[in-house]
Structure formats: structure tokens, C-alpha cells
$ cat coords-v3.cif   # mmCIF, C-alpha atoms
data_input
loop_
_atom_site.group_PDB
_atom_site.id
_atom_site.type_symbol
_atom_site.label_atom_id
_atom_site.label_comp_id
_atom_site.auth_asym_id
_atom_site.auth_seq_id
_atom_site.Cartn_x
_atom_site.Cartn_y
_atom_site.Cartn_z
ATOM 1 C CA MET A 6 -2.654 17.642 -18.391
ATOM 2 C CA ALA A 7 0.060 15.205 -19.415
ATOM 3 C CA ILE A 8 2.181 16.345 -22.321
ATOM 4 C CA ALA A 9 2.427 13.974 -25.255
ATOM 5 C CA ALA A 10 5.933 12.634 -25.823
ATOM 6 C CA GLU A 11 5.869 13.837 -29.431
ATOM 7 C CA LYS A 12 5.515 17.439 -28.250
ATOM 8 C CA ILE A 13 8.618 17.366 -26.076
ATOM 9 C CA ALA A 14 11.778 18.493 -27.802
ATOM 10 C CA PRO A 15 14.319 15.644 -28.118
ATOM 11 C CA GLU A 16 16.890 17.777 -26.281
ATOM 12 C CA ALA A 17 14.515 18.145 -23.312
ATOM 13 C CA THR A 18 13.894 14.404 -23.226
ATOM 14 C CA THR A 19 17.638 13.694 -23.334
ATOM 15 C CA GLY A 20 18.304 16.243 -20.572
ATOM 16 C CA GLU A 21 15.606 14.740 -18.355
ATOM 17 C CA LEU A 22 16.959 11.262 -19.073
ATOM 18 C CA GLN A 23 20.449 12.361 -17.996
ATOM 19 C CA LYS A 24 19.112 13.846 -14.738
ATOM 20 C CA VAL A 25 17.357 10.591 -13.875
ATOM 21 C CA ALA A 26 20.421 8.544 -14.837
ATOM 22 C CA ALA A 27 22.604 10.793 -12.653
ATOM 23 C CA LEU A 28 20.325 10.189 -9.641
ATOM 24 C CA LEU A 29 20.835 6.457 -10.233
ATOM 25 C CA GLY A 30 24.630 6.732 -10.404
ATOM 26 C CA GLY A 31 25.141 7.581 -14.077
ATOM 27 C CA ALA A 32 26.983 5.472 -16.615
ATOM 28 C CA ARG A 33 29.403 4.202 -13.941
ATOM 29 C CA VAL A 34 26.638 2.477 -11.950
ATOM 30 C CA LEU A 35 24.282 1.739 -14.848
ATOM 31 C CA ALA A 36 27.174 0.295 -16.913
ATOM 32 C CA ARG A 37 26.042 2.261 -19.962
ATOM 33 C CA SER A 38 25.131 5.762 -20.977
ATOM 34 C CA LEU A 39 21.515 6.419 -21.865
ATOM 35 C CA THR A 40 20.919 8.381 -25.044
ATOM 36 C CA SER A 41 17.204 7.751 -25.593
ATOM 37 C CA PRO A 42 14.076 6.619 -23.767
ATOM 38 C CA LEU A 43 14.482 3.273 -25.559
ATOM 39 C CA ASP A 44 17.874 2.837 -23.853
ATOM 40 C CA ALA A 45 16.125 3.396 -20.517
ATOM 41 C CA HIS A 46 13.407 0.917 -21.484
ATOM 42 C CA GLU A 47 15.967 -1.766 -22.330
ATOM 43 C CA LEU A 48 17.836 -1.128 -19.082
ATOM 44 C CA LEU A 49 14.630 -1.466 -17.035
ATOM 45 C CA LEU A 50 13.644 -4.657 -18.863
ATOM 46 C CA ARG A 51 16.934 -6.259 -17.816
ATOM 47 C CA GLY A 52 16.663 -4.767 -14.332
ATOM 48 C CA LEU A 53 18.567 -1.897 -12.786
ATOM 49 C CA PRO A 54 21.681 -2.895 -10.881
ATOM 50 C CA ALA A 55 20.940 -2.956 -7.145
ATOM 51 C CA SER A 56 23.731 -0.404 -6.773
ATOM 52 C CA ALA A 57 21.550 2.133 -8.657
ATOM 53 C CA LEU A 58 18.980 1.999 -5.845
ATOM 54 C CA ASP A 59 21.810 2.201 -3.291
ATOM 55 C CA HIS A 60 23.134 5.306 -5.061
ATOM 56 C CA LEU A 61 19.712 6.954 -5.170
ATOM 57 C CA VAL A 62 18.919 6.285 -1.517
ATOM 58 C CA GLY A 63 22.451 7.195 -0.421
ATOM 59 C CA HIS A 64 22.170 10.612 -2.065
ATOM 60 C CA LEU A 65 18.797 11.599 -0.615
ATOM 61 C CA VAL A 66 19.140 14.779 1.429
ATOM 62 C CA ILE A 67 15.950 14.806 3.534
ATOM 63 C CA ILE A 68 14.054 11.584 2.938
ATOM 64 C CA GLY A 69 15.203 8.756 5.161
ATOM 65 C CA LYS A 70 14.806 5.032 4.777
ATOM 66 C CA THR A 71 11.136 5.111 5.728
ATOM 67 C CA ASP A 72 7.957 3.162 5.040
ATOM 68 C CA SER A 73 7.074 5.839 2.493
ATOM 69 C CA LEU A 74 10.299 5.296 0.578
ATOM 70 C CA GLU A 75 9.748 1.539 0.752
ATOM 71 C CA LYS A 76 6.306 1.927 -0.828
ATOM 72 C CA ALA A 77 7.616 4.330 -3.464
ATOM 73 C CA VAL A 78 10.324 1.946 -4.712
ATOM 74 C CA GLY A 79 8.440 -1.271 -3.985
ATOM 75 C CA MET A 80 10.987 -2.863 -1.697
ATOM 76 C CA SER A 81 11.079 -3.210 2.070
ATOM 77 C CA LEU A 82 14.082 -1.936 3.973
ATOM 78 C CA ARG A 83 14.851 -5.504 5.048
ATOM 79 C CA THR A 84 14.843 -6.731 1.437
ATOM 80 C CA TRP A 85 16.975 -3.767 0.393
ATOM 81 C CA GLN A 86 19.519 -4.597 3.117
ATOM 82 C CA ARG A 87 19.615 -8.249 2.006
ATOM 83 C CA ARG A 88 20.142 -7.106 -1.583
ATOM 84 C CA LYS A 89 23.322 -5.309 -0.509
ATOM 85 C CA ASP A 90 24.904 -8.753 -0.099
ATOM 86 C CA THR A 91 24.348 -9.432 -3.821
ATOM 87 C CA PRO A 92 24.953 -6.048 -5.503
ATOM 88 C CA SER A 93 25.449 -7.596 -8.928
ATOM 89 C CA LYS A 94 21.966 -9.161 -8.935
ATOM 90 C CA PRO A 95 19.624 -6.822 -10.825
ATOM 91 C CA LEU A 96 16.374 -5.522 -9.392
ATOM 92 C CA SER A 97 13.159 -7.022 -10.729
ATOM 93 C CA GLN A 98 11.418 -5.220 -13.596
ATOM 94 C CA GLU A 99 8.800 -3.881 -11.181
ATOM 95 C CA GLN A 100 11.394 -2.665 -8.659
ATOM 96 C CA SER A 101 13.445 -1.183 -11.497
ATOM 97 C CA GLY A 102 10.438 0.621 -12.919
ATOM 98 C CA ARG A 103 9.396 2.013 -9.554
ATOM 99 C CA THR A 104 12.943 3.075 -8.702
ATOM 100 C CA TRP A 105 13.224 4.791 -12.100
ATOM 101 C CA LYS A 106 9.855 6.522 -11.624
ATOM 102 C CA PHE A 107 10.855 7.748 -8.153
ATOM 103 C CA ALA A 108 14.093 9.159 -9.614
ATOM 104 C CA GLU A 109 12.098 10.757 -12.466
ATOM 105 C CA ILE A 110 9.710 12.459 -10.047
ATOM 106 C CA LEU A 111 12.583 13.576 -7.817
ATOM 107 C CA ALA A 112 14.382 15.065 -10.856
ATOM 108 C CA LYS A 113 11.221 16.857 -11.996
ATOM 109 C CA ALA A 114 10.480 18.161 -8.477
ATOM 110 C CA THR A 115 14.095 19.360 -8.202
ATOM 111 C CA ASP A 116 13.621 21.354 -11.418
ATOM 112 C CA VAL A 117 10.321 22.807 -10.153
ATOM 113 C CA PHE A 118 11.546 23.686 -6.639
ATOM 114 C CA GLY A 119 15.149 24.596 -7.471
ATOM 115 C CA SER A 120 17.009 22.142 -5.248
ATOM 116 C CA GLN A 121 16.902 18.480 -4.329
ATOM 117 C CA ALA A 122 16.424 19.359 -0.644
ATOM 118 C CA GLU A 123 13.338 21.464 -1.470
ATOM 119 C CA ALA A 124 12.027 18.704 -3.755
ATOM 120 C CA GLU A 125 12.410 16.097 -1.022
ATOM 121 C CA GLN A 126 10.705 18.374 1.514
ATOM 122 C CA TRP A 127 7.799 18.788 -0.917
ATOM 123 C CA LEU A 128 7.542 14.999 -1.342
ATOM 124 C CA GLU A 129 7.308 14.616 2.455
ATOM 125 C CA ARG A 130 4.734 17.383 3.148
ATOM 126 C CA PRO A 131 0.956 17.176 2.715
ATOM 127 C CA ALA A 132 0.002 18.995 -0.499
ATOM 128 C CA VAL A 133 -3.149 21.070 -0.874
ATOM 129 C CA GLY A 134 -3.534 20.014 -4.518
ATOM 130 C CA LEU A 135 -3.362 16.350 -3.490
ATOM 131 C CA ASP A 136 -6.114 16.534 -0.874
ATOM 132 C CA GLN A 137 -3.543 16.989 1.921
ATOM 133 C CA ARG A 138 -1.775 13.750 1.022
ATOM 134 C CA ARG A 139 2.009 13.540 0.974
ATOM 135 C CA PRO A 140 3.246 13.051 -2.599
ATOM 136 C CA ILE A 141 5.665 10.294 -1.535
ATOM 137 C CA ASP A 142 2.760 8.280 -0.106
ATOM 138 C CA LEU A 143 1.038 8.293 -3.502
ATOM 139 C CA LEU A 144 3.986 6.777 -5.379
ATOM 140 C CA GLY A 145 3.014 3.194 -4.513
ATOM 141 C CA THR A 146 0.444 2.941 -7.328
ATOM 142 C CA PRO A 147 0.368 3.988 -10.994
ATOM 143 C CA ALA A 148 -2.720 6.143 -10.318
ATOM 144 C CA GLY A 149 -0.926 7.891 -7.446
ATOM 145 C CA VAL A 150 2.172 8.449 -9.577
ATOM 146 C CA GLU A 151 0.005 10.074 -12.245
ATOM 147 C CA LEU A 152 -1.593 12.361 -9.631
ATOM 148 C CA VAL A 153 1.843 13.462 -8.403
ATOM 149 C CA GLU A 154 3.135 14.031 -11.950
ATOM 150 C CA ASP A 155 0.037 16.061 -12.882
ATOM 151 C CA HIS A 156 0.368 18.100 -9.689
ATOM 152 C CA LEU A 157 4.040 18.811 -10.441
ATOM 153 C CA ASP A 158 3.079 19.929 -13.965
ATOM 154 C CA ARG A 159 0.505 22.323 -12.504
ATOM 155 C CA LEU A 160 3.062 23.685 -10.043
ATOM 156 C CA GLU A 161 5.597 24.126 -12.829
ATOM 157 C CA TYR A 162 3.133 26.160 -14.859
ATOM 158 C CA GLY A 163 1.982 28.233 -11.868
ATOM 159 C CA VAL A 164 -1.501 26.824 -11.420
ATOM 160 C CA TYR A 165 -0.993 26.310 -7.649
ATOM 161 C CA ALA A 166 2.049 28.542 -7.142
#
$ encode --input "coords-v3.cif" --output "C-alpha cells"
Amino acid sequence: MAIAAEKIAPEATTGELQKVAALLGGARVLARSLTSPLDAHELLLRGLPASALDHLVGHLVIIGKTDSLEKAVGMSLRTWQRRKDTPSKPLSQEQSGRTWKFAEILAKATDVFGSQAEAEQWLERPAVGLDQRRPIDLLGTPAGVELVEDHLDRLEYGVYA
């Protein structure tokens, strides 16, 4: 049920990109403004600044620093705390990609549910359409991410609403 990138209006893509960037601290934290998915790609190749993850986690409303969050972003709490000592050192490509994907899913869920608090609650609750699994627990693998994204698309279009 994934929508091909060509079918998405450029304005929608740019708006979604800005929402994700804002969750990561915006141009101030990312040290650049993102105007296209290629900008995001280049940023992730070089590695997100560790402060982007700090910003994201610091602005979560419901989700705490839990094992689930650690799996979703691919970094243990202990490693994340050590990284605070070297905020200028970028995250690895994998950590950057997983942090970006978590922010993307949070932005999409916020659009679907109307508020970040509701989106975070949804991520933490077992979902009928995901075989009673919590969406946040599925974010540790690409297959799980795809399941969560597909489920959000169905919710957005009223299939499970």
C-alpha cells in the first residue's frame, strides 16, 4: 500500500521533510535547511549531529528513554549518554537513518492522530492491525518499520478507523 514517490506532490514531500527536520531541531541543529529528499540523504550519509537525537528525545511528550526507544533509534541509553560528552561527533549512518525514520514515523503519526502526544500514545499501545504489537517495538527492523508505515497509511485512509 506504499505510495510511489513520483505520485506525491513536491509540496507534500517538502512539508513532510520540514516536519521531520523540525523534530530533529531544524536548521539550527542540523546546520542546514533541507529543501529536498536529496538534502536529507546527504545529511544522513555524513551523519546527523548527536544534538539532533538529543533534540528529538528531549521533545518527546509521552515516550521515555526506554528499551523500546533504544531499539527504535539503534542506540542504547548508555551509549546515548556517553555521546552527550561529544555532541559535535556525528551519529553513524545507521543511527542517523534510524533516528530519521523514527522522526518520520512520529511526524506521520502526529498528522494522523492530530497531536504528538496522541501519536506517542499510539506508538506505545498494542495495535490490533499489528497483531497486538506495539508500533514502537517494531521499529528495530526495516520489515517492522514497513509494517508500521503501512498501518499508519491504512489508519490515515480510514481502513482501521
$ atom_distance --input "coords-v3.cif" --atom1 "atom CA of Gly30 of chain A" --atom2 "atom CA of Lys106 of chain A"
14.8 Å
$ residues_around --input "coords-v3.cif" --residues "Pro95 of chain A" --least-positions-apart "5" --cutoff "8 Å" --atoms "only C-alpha atoms" --output "list in words"
Arg51, Gly52, Leu53, Pro54 and Ala55 of chain A
$ resolve_selection --input "coords-v3.cif" --expression "the PyMOL selection byres ((chain A and resi 150) around 10)" --output "list in words"
Ala77, Arg103, Lys106, Phe107, Ile110, Pro140, Ile141, Asp142, Leu143, Leu144, Gly145, Thr146, Pro147, Ala148, Gly149, Glu151, Leu152, Val153, Glu154, Asp155 and His156 of chain A
$ atom_distance --input "coords-v3.cif" --atom1 "atom CA of Ala26 of chain A" --atom2 "atom CA of Phe118 of chain A"
19.4 Å
$ resolve_selection --input "coords-v3.cif" --expression "the PyMOL selection byres ((chain A and resi 40) around 12)" --output "list in words"
Pro15, Glu16, Ala17, Thr18, Thr19, Gly20, Glu21, Leu22, Gln23, Lys24, Val25, Ala26, Gly31, Ala32, Arg37, Ser38, Leu39, Ser41, Pro42, Leu43, Asp44, Ala45, His46, Glu47 and Leu48 of chain A
$ atom_distance --input "coords-v3.cif" --atom1 "atom CA of Gln100 of chain A" --atom2 "atom CA of Asp136 of chain A"
27.1 Å
$ closest_residue --input "coords-v3.cif" --among "A:Val78, A:Ala108, A:Val117, A:Leu160" --to "Ala132 of chain A" --atoms "all atoms listed in the file"
A:Leu160
$ residues_near_point --input "coords-v3.cif" --point "(17.1, 19.0, 2.8)" --cutoff "7 Å" --atoms "only C-alpha atoms" --output "mmCIF file with C-alpha atoms, keeping the file's coordinate frame"
data_model
loop_
_atom_site.group_PDB
_atom_site.id
_atom_site.type_symbol
_atom_site.label_atom_id
_atom_site.label_comp_id
_atom_site.auth_asym_id
_atom_site.auth_seq_id
_atom_site.Cartn_x
_atom_site.Cartn_y
_atom_site.Cartn_z
ATOM 1 C CA VAL A 66 19.140 14.779 1.429
ATOM 2 C CA ILE A 67 15.950 14.806 3.534
ATOM 3 C CA ALA A 122 16.424 19.359 -0.644
ATOM 4 C CA GLU A 123 13.338 21.464 -1.470
ATOM 5 C CA GLU A 125 12.410 16.097 -1.022
ATOM 6 C CA GLN A 126 10.705 18.374 1.514
#
$ closest_residue --input "coords-v3.cif" --among "A:Ala27, A:Arg138, A:Val164, A:Ser56" --to "Ser73 of chain A" --atoms "only C-alpha atoms"
A:Arg138
$ decode --input "coords-v3.cif" --residues "segment 25-36 of chain A" --atoms "N, CA, C and O atoms" --output "PDB file, in the first residue's frame"
ATOM      1  N   VAL A  25       9.858  16.581   9.748  1.00  0.00           N
ATOM      2  CA  VAL A  25      10.893  15.692  10.279  1.00  0.00           C
ATOM      3  C   VAL A  25      12.091  16.515  10.750  1.00  0.00           C
ATOM      4  O   VAL A  25      12.609  16.306  11.855  1.00  0.00           O
ATOM      5  N   ALA A  26      12.509  17.468   9.929  1.00  0.00           N
ATOM      6  CA  ALA A  26      13.646  18.323  10.291  1.00  0.00           C
ATOM      7  C   ALA A  26      13.354  19.080  11.595  1.00  0.00           C
ATOM      8  O   ALA A  26      14.233  19.206  12.456  1.00  0.00           O
ATOM      9  N   ALA A  27      12.121  19.555  11.748  1.00  0.00           N
ATOM     10  CA  ALA A  27      11.755  20.284  12.968  1.00  0.00           C
ATOM     11  C   ALA A  27      11.864  19.383  14.200  1.00  0.00           C
ATOM     12  O   ALA A  27      12.332  19.819  15.260  1.00  0.00           O
ATOM     13  N   LEU A  28      11.451  18.116  14.070  1.00  0.00           N
ATOM     14  CA  LEU A  28      11.569  17.183  15.199  1.00  0.00           C
ATOM     15  C   LEU A  28      13.029  16.959  15.590  1.00  0.00           C
ATOM     16  O   LEU A  28      13.339  16.658  16.738  1.00  0.00           O
ATOM     17  N   LEU A  29      13.924  17.131  14.616  1.00  0.00           N
ATOM     18  CA  LEU A  29      15.358  16.934  14.858  1.00  0.00           C
ATOM     19  C   LEU A  29      16.083  18.236  15.197  1.00  0.00           C
ATOM     20  O   LEU A  29      17.298  18.251  15.293  1.00  0.00           O
ATOM     21  N   GLY A  30      15.340  19.320  15.377  1.00  0.00           N
ATOM     22  CA  GLY A  30      15.949  20.579  15.791  1.00  0.00           C
ATOM     23  C   GLY A  30      16.026  21.629  14.702  1.00  0.00           C
ATOM     24  O   GLY A  30      16.536  22.726  14.936  1.00  0.00           O
ATOM     25  N   GLY A  31      15.581  21.295  13.489  1.00  0.00           N
ATOM     26  CA  GLY A  31      15.563  22.275  12.408  1.00  0.00           C
ATOM     27  C   GLY A  31      16.947  22.672  11.939  1.00  0.00           C
ATOM     28  O   GLY A  31      17.949  22.045  12.286  1.00  0.00           O
ATOM     29  N   ALA A  32      16.991  23.729  11.161  1.00  0.00           N
ATOM     30  CA  ALA A  32      18.244  24.192  10.559  1.00  0.00           C
ATOM     31  C   ALA A  32      19.287  24.561  11.616  1.00  0.00           C
ATOM     32  O   ALA A  32      20.484  24.398  11.388  1.00  0.00           O
ATOM     33  N   ARG A  33      18.834  25.020  12.779  1.00  0.00           N
ATOM     34  CA  ARG A  33      19.779  25.399  13.846  1.00  0.00           C
ATOM     35  C   ARG A  33      20.605  24.192  14.295  1.00  0.00           C
ATOM     36  O   ARG A  33      21.832  24.271  14.390  1.00  0.00           O
ATOM     37  N   VAL A  34      19.960  23.061  14.522  1.00  0.00           N
ATOM     38  CA  VAL A  34      20.664  21.863  14.984  1.00  0.00           C
ATOM     39  C   VAL A  34      21.314  21.122  13.811  1.00  0.00           C
ATOM     40  O   VAL A  34      22.439  20.644  13.916  1.00  0.00           O
ATOM     41  N   LEU A  35      20.606  21.046  12.686  1.00  0.00           N
ATOM     42  CA  LEU A  35      21.113  20.298  11.542  1.00  0.00           C
ATOM     43  C   LEU A  35      22.175  21.059  10.756  1.00  0.00           C
ATOM     44  O   LEU A  35      22.828  20.503   9.889  1.00  0.00           O
ATOM     45  N   ALA A  36      22.340  22.343  11.064  1.00  0.00           N
ATOM     46  CA  ALA A  36      23.340  23.219  10.436  1.00  0.00           C
ATOM     47  C   ALA A  36      23.078  23.442   8.957  1.00  0.00           C
ATOM     48  O   ALA A  36      23.980  23.796   8.199  1.00  0.00           O
TER      49      ALA A  36
END
